[in-house]
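The structure appears right after this line, and notes come after that.
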Amino acid sequence: MVRLGWIRSPQSIEVRFGTSRAGAVDVPLYRTADVDVLPSARAEVDWEHLRRVGKGRRSPLAALAKAAAPV
């Protein structure tokens with residue numbers, strides 16, 4: 001959904017692993033209101049099918065993101 005431009009992170013936080021700065025990563029945060037509006041904003045998506053995608057399986061949205069990627 002991020003790659004498709006459907007949702008953006010308004011902020012991120014730094015999470016550290018261990019005691020050195022080398023173990024720090026930025027974690028994007030998303031507002032629940034932005035996520036909640038997606039099913040009505042993107043009615044063309046079969047949300048029930050997406051919810052049933054098994055662990056480790058590629059999301060059907062990946063094909064959309066690949067098609068939407070700039071050439």
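Quick note on naming: the chains in the structure tokens go A, B, ... in the order shown, residues restart at 1 in each chain, and ligands are numbered from 1 in order of appearance.
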Need the shell around Pro28 (chain A): protein/DNA/RNA residues with any atom at most 10 Å away, counting only C-alpha atoms. Skip same-chain ones fewer than 3 positions apart. Format as a list in words? Arg8, Ser9, Pro10, Gln11, Ser12, Ile13, Glu14 and Val25 of chain A
Save the residues we just selected, N, CA and C atoms, as a PDB file, in the first residue's frame?
```
ATOM      1  N   ARG A   8       0.712   6.984   3.501  1.00  0.00           N
ATOM      2  CA  ARG A   8       2.026   7.544   3.812  1.00  0.00           C
ATOM      3  C   ARG A   8       2.198   7.604   5.318  1.00  0.00           C
ATOM      4  N   SER A   9       3.429   7.509   5.730  1.00  0.00           N
ATOM      5  CA  SER A   9       3.752   7.595   7.149  1.00  0.00           C
ATOM      6  C   SER A   9       3.952   9.065   7.514  1.00  0.00           C
ATOM      7  N   PRO A  10       3.134   9.592   8.437  1.00  0.00           N
ATOM      8  CA  PRO A  10       3.304  10.989   8.829  1.00  0.00           C
ATOM      9  C   PRO A  10       4.524  11.215   9.726  1.00  0.00           C
ATOM     10  N   GLN A  11       5.029  10.144  10.322  1.00  0.00           N
ATOM     11  CA  GLN A  11       6.211  10.277  11.173  1.00  0.00           C
ATOM     12  C   GLN A  11       6.840   8.905  11.377  1.00  0.00           C
ATOM     13  N   SER A  12       8.045   8.928  11.901  1.00  0.00           N
ATOM     14  CA  SER A  12       8.727   7.673  12.228  1.00  0.00           C
ATOM     15  C   SER A  12       9.455   7.863  13.551  1.00  0.00           C
ATOM     16  N   ILE A  13       9.816   6.745  14.132  1.00  0.00           N
ATOM     17  CA  ILE A  13      10.598   6.785  15.360  1.00  0.00           C
ATOM     18  C   ILE A  13      11.849   5.948  15.164  1.00  0.00           C
ATOM     19  N   GLU A  14      12.871   6.282  15.909  1.00  0.00           N
ATOM     20  CA  GLU A  14      14.103   5.504  15.853  1.00  0.00           C
ATOM     21  C   GLU A  14      14.055   4.440  16.938  1.00  0.00           C
ATOM     22  N   VAL A  25      17.281   1.653  13.768  1.00  0.00           N
ATOM     23  CA  VAL A  25      16.504   1.708  12.518  1.00  0.00           C
ATOM     24  C   VAL A  25      15.339   2.667  12.720  1.00  0.00           C
TER      25      VAL A  25
END
```
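Among the residues of chain A, backbone DSSP assigns strand (DSSP E) to Gln11, Ser12, Ile13, Glu14, Val15, Arg16, Ala24, Val25, Asp26, Val27, Pro28 and Leu29 of chain A.
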Atom pair CA of Ala63 (chain A) / CA of Leu4 (chain A): separation (Å): 10.3 Å
Polymer residues at most 10 Å from Pro60 (chain A), only C-alpha atoms, same-chain spacing of 2 or more positions, as JSON, numbers by chain: {"A": [45, 46, 49, 50, 53, 57, 58, 62, 63, 64, 65]}
Would you put the residues from that selection into a file with N, CA and C atoms, as a CSV table (one decimal), in the first residue's frame?
```csv
chain,number,residue,atom,x,y,z
A,45,VAL,N,-10.5,-3.2,-4.7
A,45,VAL,CA,-9.7,-4.2,-4.1
A,45,VAL,C,-10.5,-5.2,-3.4
A,46,ASP,N,-10.2,-6.5,-3.6
A,46,ASP,CA,-11.0,-7.5,-2.8
A,46,ASP,C,-10.3,-7.7,-1.5
A,49,HIS,N,-10.2,-11.2,0.2
A,49,HIS,CA,-9.2,-12.0,-0.3
A,49,HIS,C,-7.8,-11.7,0.2
A,50,LEU,N,-7.5,-10.4,0.4
A,50,LEU,CA,-6.2,-10.0,0.9
A,50,LEU,C,-6.1,-10.5,2.4
A,53,VAL,N,-4.8,-14.2,2.6
A,53,VAL,CA,-3.5,-14.5,2.1
A,53,VAL,C,-2.7,-15.1,3.2
A,57,ARG,N,3.0,-16.0,1.9
A,57,ARG,CA,2.5,-15.9,0.5
A,57,ARG,C,2.6,-14.4,0.1
A,58,ARG,N,2.9,-14.3,-1.2
A,58,ARG,CA,3.0,-12.9,-1.8
A,58,ARG,C,1.6,-12.3,-1.9
A,62,ALA,N,1.2,-6.9,-4.6
A,62,ALA,CA,2.5,-6.8,-5.1
A,62,ALA,C,2.5,-6.6,-6.6
A,63,ALA,N,1.6,-7.3,-7.3
A,63,ALA,CA,1.5,-7.2,-8.8
A,63,ALA,C,1.1,-5.8,-9.2
A,64,LEU,N,0.2,-5.2,-8.4
A,64,LEU,CA,-0.2,-3.8,-8.7
A,64,LEU,C,0.9,-2.8,-8.5
A,65,ALA,N,1.7,-3.0,-7.4
A,65,ALA,CA,2.8,-2.2,-7.1
A,65,ALA,C,3.9,-2.3,-8.2
```
I need the helix (DSSP H, G or I) residues of chain A per DSSP on the backbone, written as an MDAnalysis selection string. chainID A and resid 21:23 32:36 38:41 47:51 61:68
Counting only C-alpha atoms, which residue out of A:Ala43, A:Val2, A:Leu61, A:Ala67 sits closest to Leu29 (chain A)? A:Val2
Pairwise distance for CA of Val15 (chain A) and CA of Leu38 (chain A), rounded to one decimal in Å: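 Atom-to-atom, CA of Val15 (chain A) to CA of Leu38 (chain A), that is 27.2 Å.
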Quick one: residues within 10 Å of Asp34 (chain A), only C-alpha atoms counted, chain neighbours fewer than 2 positions away excluded, as a list in words? Trp6, Ile7, Arg8, Ser9, Tyr30, Arg31, Thr32, Asp36, Val37 and Leu38 of chain A
